[in-house]
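So this block is model-v2.cif, mmCIF, C-alpha atoms:
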```cif
data_entry
#
loop_
_atom_site.label_atom_id
_atom_site.label_comp_id
_atom_site.auth_asym_id
_atom_site.auth_seq_id
_atom_site.Cartn_x
_atom_site.Cartn_y
_atom_site.Cartn_z
CA MET Y 1 -21.64 20.82 -15.11
CA THR Y 2 -22.52 17.46 -16.69
CA GLN Y 3 -21.71 14.17 -15.04
CA PRO Y 4 -19.38 11.76 -16.88
CA GLN Y 5 -21.24 9.01 -18.69
CA PRO Y 6 -20.52 5.40 -17.77
CA SER Y 7 -18.25 3.61 -20.23
CA HIS Y 8 -20.84 0.86 -20.66
CA PRO Y 9 -24.52 1.65 -20.30
CA GLY Y 10 -25.87 -0.01 -17.19
CA LEU Y 11 -22.51 -0.29 -15.40
CA ASP Y 12 -22.35 1.68 -12.20
CA ASN Y 13 -19.49 2.27 -9.77
CA THR Y 14 -20.33 -0.90 -7.82
CA ASP Y 15 -20.16 -2.98 -11.01
CA ARG Y 16 -16.81 -1.41 -11.84
CA GLN Y 17 -15.54 -2.15 -8.33
CA ILE Y 18 -16.64 -5.77 -8.69
CA ILE Y 19 -14.82 -6.04 -12.03
CA ALA Y 20 -11.70 -4.46 -10.53
CA GLU Y 21 -11.66 -6.85 -7.56
CA LEU Y 22 -12.25 -9.92 -9.74
CA SER Y 23 -9.55 -8.72 -12.15
CA ARG Y 24 -7.10 -8.68 -9.25
CA ASP Y 25 -8.26 -12.05 -7.87
CA GLY Y 26 -10.72 -14.18 -9.81
CA ARG Y 27 -10.87 -16.71 -6.95
CA LEU Y 28 -12.63 -14.38 -4.52
CA SER Y 29 -15.63 -15.94 -2.84
CA MET Y 30 -18.91 -14.02 -3.01
CA ARG Y 31 -18.51 -13.31 0.70
CA GLN Y 32 -15.05 -11.82 0.23
CA LEU Y 33 -16.19 -9.86 -2.83
CA ALA Y 34 -19.20 -8.48 -0.97
CA LEU Y 35 -16.98 -7.35 1.92
CA LEU Y 36 -14.53 -5.61 -0.42
CA VAL Y 37 -17.26 -3.81 -2.36
CA HIS Y 38 -19.46 -3.14 0.71
CA ILE Y 39 -22.61 -4.88 -0.49
CA SER Y 40 -24.48 -8.00 0.59
CA ARG Y 41 -23.50 -11.47 -0.64
CA THR Y 42 -26.82 -11.72 -2.47
CA ALA Y 43 -26.22 -8.40 -4.21
CA ALA Y 44 -22.67 -9.44 -5.13
CA HIS Y 45 -23.90 -12.74 -6.57
CA THR Y 46 -26.71 -11.05 -8.52
CA ARG Y 47 -24.38 -8.42 -9.94
CA VAL Y 48 -21.70 -10.96 -10.95
CA GLN Y 49 -24.32 -13.09 -12.68
CA LYS Y 50 -25.62 -9.99 -14.51
CA LEU Y 51 -22.09 -9.08 -15.61
CA ILE Y 52 -21.58 -12.63 -16.90
CA SER Y 53 -24.94 -12.78 -18.71
CA HIS Y 54 -24.29 -9.40 -20.38
CA GLY Y 55 -20.87 -10.56 -21.59
CA VAL Y 56 -18.92 -8.06 -19.49
CA ILE Y 57 -17.21 -10.86 -17.58
CA THR Y 58 -16.29 -13.54 -20.09
CA GLY Y 59 -14.52 -16.01 -17.84
CA PHE Y 60 -12.26 -16.67 -14.90
CA GLY Y 61 -8.80 -18.01 -15.49
CA ALA Y 62 -5.40 -18.57 -13.98
CA GLN Y 63 -2.57 -16.19 -14.65
CA THR Y 64 0.52 -18.19 -15.50
CA ASP Y 65 4.26 -17.64 -15.65
CA ARG Y 66 5.65 -18.64 -19.05
CA THR Y 67 9.06 -19.56 -17.65
CA ALA Y 68 7.52 -21.80 -14.97
CA LEU Y 69 5.70 -23.56 -17.82
CA GLY Y 70 9.00 -24.11 -19.64
CA LEU Y 71 8.37 -21.38 -22.23
CA ASN Y 72 11.69 -19.57 -21.83
CA VAL Y 73 11.71 -17.34 -24.90
CA SER Y 74 8.96 -15.14 -26.32
CA ALA Y 75 8.60 -12.90 -29.34
CA LEU Y 76 6.20 -10.51 -30.95
CA VAL Y 77 5.86 -11.56 -34.57
CA VAL Y 78 4.65 -8.87 -36.96
CA VAL Y 79 2.79 -10.46 -39.87
CA LYS Y 80 1.83 -8.91 -43.18
CA ILE Y 81 -0.82 -10.84 -45.07
CA GLY Y 82 -1.90 -10.85 -48.70
CA ASP Y 83 -5.34 -10.86 -50.20
CA VAL Y 84 -6.89 -13.23 -47.66
CA ALA Y 85 -9.61 -12.83 -45.06
CA TRP Y 86 -8.11 -11.59 -41.80
CA GLY Y 87 -10.39 -13.69 -39.60
CA GLU Y 88 -9.56 -16.93 -41.36
CA ILE Y 89 -5.78 -16.52 -41.36
CA ALA Y 90 -5.76 -15.13 -37.80
CA ALA Y 91 -7.68 -18.19 -36.62
CA GLN Y 92 -5.21 -20.49 -38.40
CA LEU Y 93 -2.25 -18.63 -36.90
CA ALA Y 94 -3.78 -18.70 -33.41
CA ARG Y 95 -4.11 -22.50 -33.60
CA LEU Y 96 -0.39 -23.00 -34.27
CA PRO Y 97 1.80 -24.44 -31.50
CA PHE Y 98 3.32 -21.76 -29.23
CA VAL Y 99 1.07 -18.93 -30.53
CA GLU Y 100 -0.60 -17.29 -27.54
CA LYS Y 101 -2.46 -14.47 -29.23
CA ALA Y 102 -3.21 -12.95 -32.65
CA GLN Y 103 -4.21 -9.30 -32.84
CA ALA Y 104 -5.33 -7.19 -35.80
CA VAL Y 105 -3.52 -3.86 -35.90
CA SER Y 106 -3.64 -0.71 -37.96
CA GLY Y 107 -0.86 0.70 -40.08
CA ASP Y 108 1.43 -1.01 -42.55
CA ILE Y 109 1.18 -4.41 -40.83
CA ASP Y 110 -1.82 -6.65 -40.35
CA ILE Y 111 -1.33 -8.99 -37.40
CA ILE Y 112 0.83 -9.13 -34.29
CA LEU Y 113 1.36 -12.57 -32.76
CA THR Y 114 2.66 -13.33 -29.30
CA VAL Y 115 4.69 -16.52 -29.56
CA SER Y 116 6.42 -18.35 -26.67
CA ALA Y 117 8.53 -21.48 -26.91
CA PRO Y 118 10.86 -23.54 -24.72
CA ASP Y 119 14.01 -22.37 -26.52
CA HIS Y 120 15.31 -20.28 -29.42
CA GLU Y 121 15.43 -23.25 -31.76
CA GLN Y 122 11.76 -24.12 -31.28
CA LEU Y 123 10.77 -20.45 -31.48
CA SER Y 124 12.70 -20.13 -34.73
CA GLN Y 125 11.03 -23.26 -36.13
CA ALA Y 126 7.58 -21.97 -35.15
CA ILE Y 127 8.21 -18.66 -36.89
CA LEU Y 128 10.04 -19.88 -39.99
CA ARG Y 129 8.30 -23.22 -40.56
CA ASP Y 130 4.78 -22.64 -39.29
CA ILE Y 131 4.05 -18.91 -39.47
CA HIS Y 132 6.20 -17.58 -42.31
CA THR Y 133 5.29 -20.40 -44.71
CA MET Y 134 1.53 -20.26 -44.07
CA PRO Y 135 -0.36 -19.53 -47.31
CA GLY Y 136 -1.48 -15.92 -47.27
CA VAL Y 137 1.44 -14.68 -45.16
CA ILE Y 138 3.58 -12.27 -47.18
CA SER Y 139 6.21 -11.43 -44.59
CA THR Y 140 7.10 -11.65 -40.91
CA ARG Y 141 9.34 -9.66 -38.57
CA SER Y 142 10.20 -11.01 -35.16
CA HIS Y 143 11.04 -9.05 -32.02
CA LEU Y 144 12.30 -10.99 -28.99
CA ILE Y 145 10.70 -9.99 -25.71
CA LEU Y 146 13.55 -9.23 -23.32
CA ASP Y 147 11.46 -8.26 -20.31
CA GLU Y 148 7.80 -7.75 -19.52
CA ILE Y 149 6.10 -5.54 -16.98
CA ILE Y 150 2.44 -6.23 -16.44
CA GLY Y 151 0.13 -3.22 -16.29
CA HIS Y 152 -3.46 -3.15 -15.14
CA ALA Y 153 -5.94 -5.75 -16.29
CA PRO Y 154 -9.01 -4.28 -17.99
CA GLY Y 155 -11.27 -3.10 -15.23
CA ALA Y 156 -8.64 -3.25 -12.51
CA THR Y 157 -8.68 0.52 -12.00
CA PRO Y 158 -12.29 1.65 -11.60
CA ASP Y 159 -11.28 5.23 -10.89
CA ALA Y 160 -10.01 5.56 -14.47
CA TRP Y 161 -13.41 4.70 -16.00
CA HIS Y 162 -14.97 8.10 -15.50
#
```

The structure in this file should be written as structure tokens.
Amino acid sequence: MTQPQPSHPGLDNTDRQIIAELSRDGRLSMRQLALLVHISRTAAHTRVQKLISHGVITGFGAQTDRTALGLNVSALVVVKIGDVAWGEIAAQLARLPFVEKAQAVSGDIDIILTVSAPDHEQLSQAILRDIHTMPGVISTRSHLILDEIIGHAPGATPDAWH
């Protein structure tokens, strides 16, 4: 019987455990991380630095609550674009106020935006004034987010990587 191949060459179970722990809490000290993963502090530090230098870990950031930030309404905005370069228009869309994320998708649409605003009026203005009228945008469809349940962050479940 063959052994499963790692999902990323050079990543072993300890690396995946480190990623999982840091995905759950990016503020862990090297000492705490080493205790959780059962390696020395030096080994934890070396492995984290390797994961950073290889681009596996791309940063450490705070997870925020939109409502606590005053962003009380969110929508997924489906965007169909014309004969324009995806990268250019996606970058322009991502720079707009209230746009959190732009993702390329397959199928009969081109881009999905996550947009959050303080209220329905400002969300509507962002979609109708800023997004829908952008040159290269053919059409938009908006879907209000009524509730959100957070799943696992990438790497937060090392047992699923086999």

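What the PyMOL selection byres ((chain Y and resi 30) around 8) picks from this file is Y:Leu28, Y:Ser29, Y:Arg31, Y:Gln32, Y:Leu33, Y:Ala34, Y:Arg41, Y:Ala44, Y:His45.
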
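Between atom CA of Ala104 of chain Y and atom CA of Ser74 of chain Y there is a distance of 18.9 Å.
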
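Across Y:Val48, Y:Ile18, Y:Ile145, Y:Val137, the tightest approach to Ala85 of chain Y is made by Y:Val137 when counting all atoms listed in the file.
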
Which residues, named as in the file, does the PyMOL selection byres ((chain Y and resi 55-70) around 12) pick out? Answer as a PyMOL selection string.
chain Y and resi 7-11+15-16+18-20+22-28+47-54+71-74+98+100+114-119+122+147-148+150+153-155

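Among the candidate residues Y:Ser142, Y:Val78, Y:Leu35, Y:Ser124, the one lying nearest to Ile112 of chain Y is Y:Val78, with distances computed using all atoms listed in the file.
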
Just how far from atom CA of Ala75 of chain Y is atom CA of Arg95 of chain Y, in Å to one decimal?
16.5 Å

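Coordinates place atom CA of His120 of chain Y at a distance of 23.8 Å from atom CA of Pro135 of chain Y.
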
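Shown here are all protein and nucleic acid residues lying within 12 Å of (7.6, -9.9, -42.9), with only C-alpha atoms considered: Val77, Val78, Val79, Lys80, Ile81, Gly82, Asp108, Ile109, Asp110, Ile111, Ile112, Ile127, Leu128, Ile131, His132, Thr133, Gly136, Val137, Ile138, Ser139, Thr140, Arg141, Ser142 and His143 of chain Y.
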
Any chance you could build segment 120-131 of chain Y out to all heavy atoms and write it as a compact mmCIF listing (two decimals), in the frame of the given file?
```txt
# COMPACT_ATOMS: atom_id res chain seq x y z
N HIS Y 120 15.18 -21.04 -28.18
CA HIS Y 120 15.31 -20.28 -29.42
C HIS Y 120 15.10 -21.14 -30.65
O HIS Y 120 14.51 -20.68 -31.64
CB HIS Y 120 16.69 -19.59 -29.47
CG HIS Y 120 16.81 -18.45 -28.53
ND1 HIS Y 120 16.28 -17.21 -28.79
CD2 HIS Y 120 17.38 -18.35 -27.31
CE1 HIS Y 120 16.52 -16.41 -27.78
NE2 HIS Y 120 17.18 -17.08 -26.86
N GLU Y 121 15.57 -22.37 -30.60
CA GLU Y 121 15.43 -23.25 -31.76
C GLU Y 121 13.96 -23.53 -32.08
O GLU Y 121 13.54 -23.43 -33.23
CB GLU Y 121 16.17 -24.58 -31.51
CG GLU Y 121 16.10 -25.53 -32.69
CD GLU Y 121 16.84 -26.83 -32.42
OE1 GLU Y 121 17.76 -26.85 -31.58
OE2 GLU Y 121 16.49 -27.82 -33.07
N GLN Y 122 13.18 -23.85 -31.05
CA GLN Y 122 11.76 -24.12 -31.28
C GLN Y 122 10.99 -22.86 -31.65
O GLN Y 122 10.06 -22.91 -32.45
CB GLN Y 122 11.15 -24.81 -30.06
CG GLN Y 122 11.68 -26.23 -29.89
CD GLN Y 122 11.02 -26.94 -28.74
OE1 GLN Y 122 9.81 -27.15 -28.77
NE2 GLN Y 122 11.80 -27.32 -27.74
N LEU Y 123 11.39 -21.72 -31.10
CA LEU Y 123 10.77 -20.45 -31.48
C LEU Y 123 11.05 -20.17 -32.95
O LEU Y 123 10.15 -19.82 -33.72
CB LEU Y 123 11.28 -19.31 -30.60
CG LEU Y 123 10.72 -17.92 -30.94
CD1 LEU Y 123 9.23 -17.85 -30.64
CD2 LEU Y 123 11.47 -16.85 -30.17
N SER Y 124 12.31 -20.35 -33.34
CA SER Y 124 12.70 -20.13 -34.73
C SER Y 124 11.92 -21.05 -35.67
O SER Y 124 11.44 -20.62 -36.72
CB SER Y 124 14.19 -20.36 -34.88
OG SER Y 124 14.59 -20.14 -36.20
N GLN Y 125 11.79 -22.32 -35.30
CA GLN Y 125 11.03 -23.26 -36.13
C GLN Y 125 9.56 -22.84 -36.24
O GLN Y 125 8.97 -22.91 -37.32
CB GLN Y 125 11.12 -24.67 -35.56
CG GLN Y 125 12.46 -25.31 -35.75
CD GLN Y 125 12.52 -26.71 -35.13
OE1 GLN Y 125 11.53 -27.23 -34.63
NE2 GLN Y 125 13.70 -27.30 -35.14
N ALA Y 126 8.99 -22.40 -35.13
CA ALA Y 126 7.58 -21.97 -35.15
C ALA Y 126 7.40 -20.79 -36.10
O ALA Y 126 6.43 -20.74 -36.87
CB ALA Y 126 7.12 -21.62 -33.75
N ILE Y 127 8.33 -19.86 -36.05
CA ILE Y 127 8.21 -18.66 -36.89
C ILE Y 127 8.50 -18.99 -38.35
O ILE Y 127 7.71 -18.67 -39.24
CB ILE Y 127 9.14 -17.54 -36.38
CG1 ILE Y 127 8.67 -17.07 -34.99
CG2 ILE Y 127 9.17 -16.37 -37.37
CD1 ILE Y 127 9.67 -16.20 -34.27
N LEU Y 128 9.62 -19.64 -38.61
CA LEU Y 128 10.04 -19.88 -39.99
C LEU Y 128 9.25 -21.00 -40.67
O LEU Y 128 8.91 -20.89 -41.85
CB LEU Y 128 11.53 -20.20 -40.04
CG LEU Y 128 12.45 -19.06 -39.60
CD1 LEU Y 128 13.90 -19.53 -39.55
CD2 LEU Y 128 12.30 -17.87 -40.53
N ARG Y 129 8.98 -22.07 -39.96
CA ARG Y 129 8.30 -23.22 -40.56
C ARG Y 129 6.79 -23.07 -40.55
O ARG Y 129 6.12 -23.32 -41.55
CB ARG Y 129 8.71 -24.50 -39.83
CG ARG Y 129 8.12 -25.76 -40.48
CD ARG Y 129 8.29 -26.99 -39.60
NE ARG Y 129 7.55 -26.78 -38.35
CZ ARG Y 129 8.01 -27.09 -37.14
NH1 ARG Y 129 9.19 -27.63 -36.99
NH2 ARG Y 129 7.28 -26.87 -36.06
N ASP Y 130 6.24 -22.64 -39.42
CA ASP Y 130 4.78 -22.64 -39.29
C ASP Y 130 4.14 -21.31 -39.71
O ASP Y 130 3.16 -21.30 -40.45
CB ASP Y 130 4.39 -22.95 -37.85
CG ASP Y 130 4.85 -24.32 -37.39
OD1 ASP Y 130 4.99 -25.21 -38.25
OD2 ASP Y 130 5.08 -24.50 -36.18
N ILE Y 131 4.69 -20.22 -39.23
CA ILE Y 131 4.05 -18.91 -39.47
C ILE Y 131 4.43 -18.36 -40.84
O ILE Y 131 3.57 -18.03 -41.66
CB ILE Y 131 4.43 -17.91 -38.35
CG1 ILE Y 131 3.90 -18.42 -37.00
CG2 ILE Y 131 3.89 -16.52 -38.67
CD1 ILE Y 131 4.44 -17.68 -35.79
```
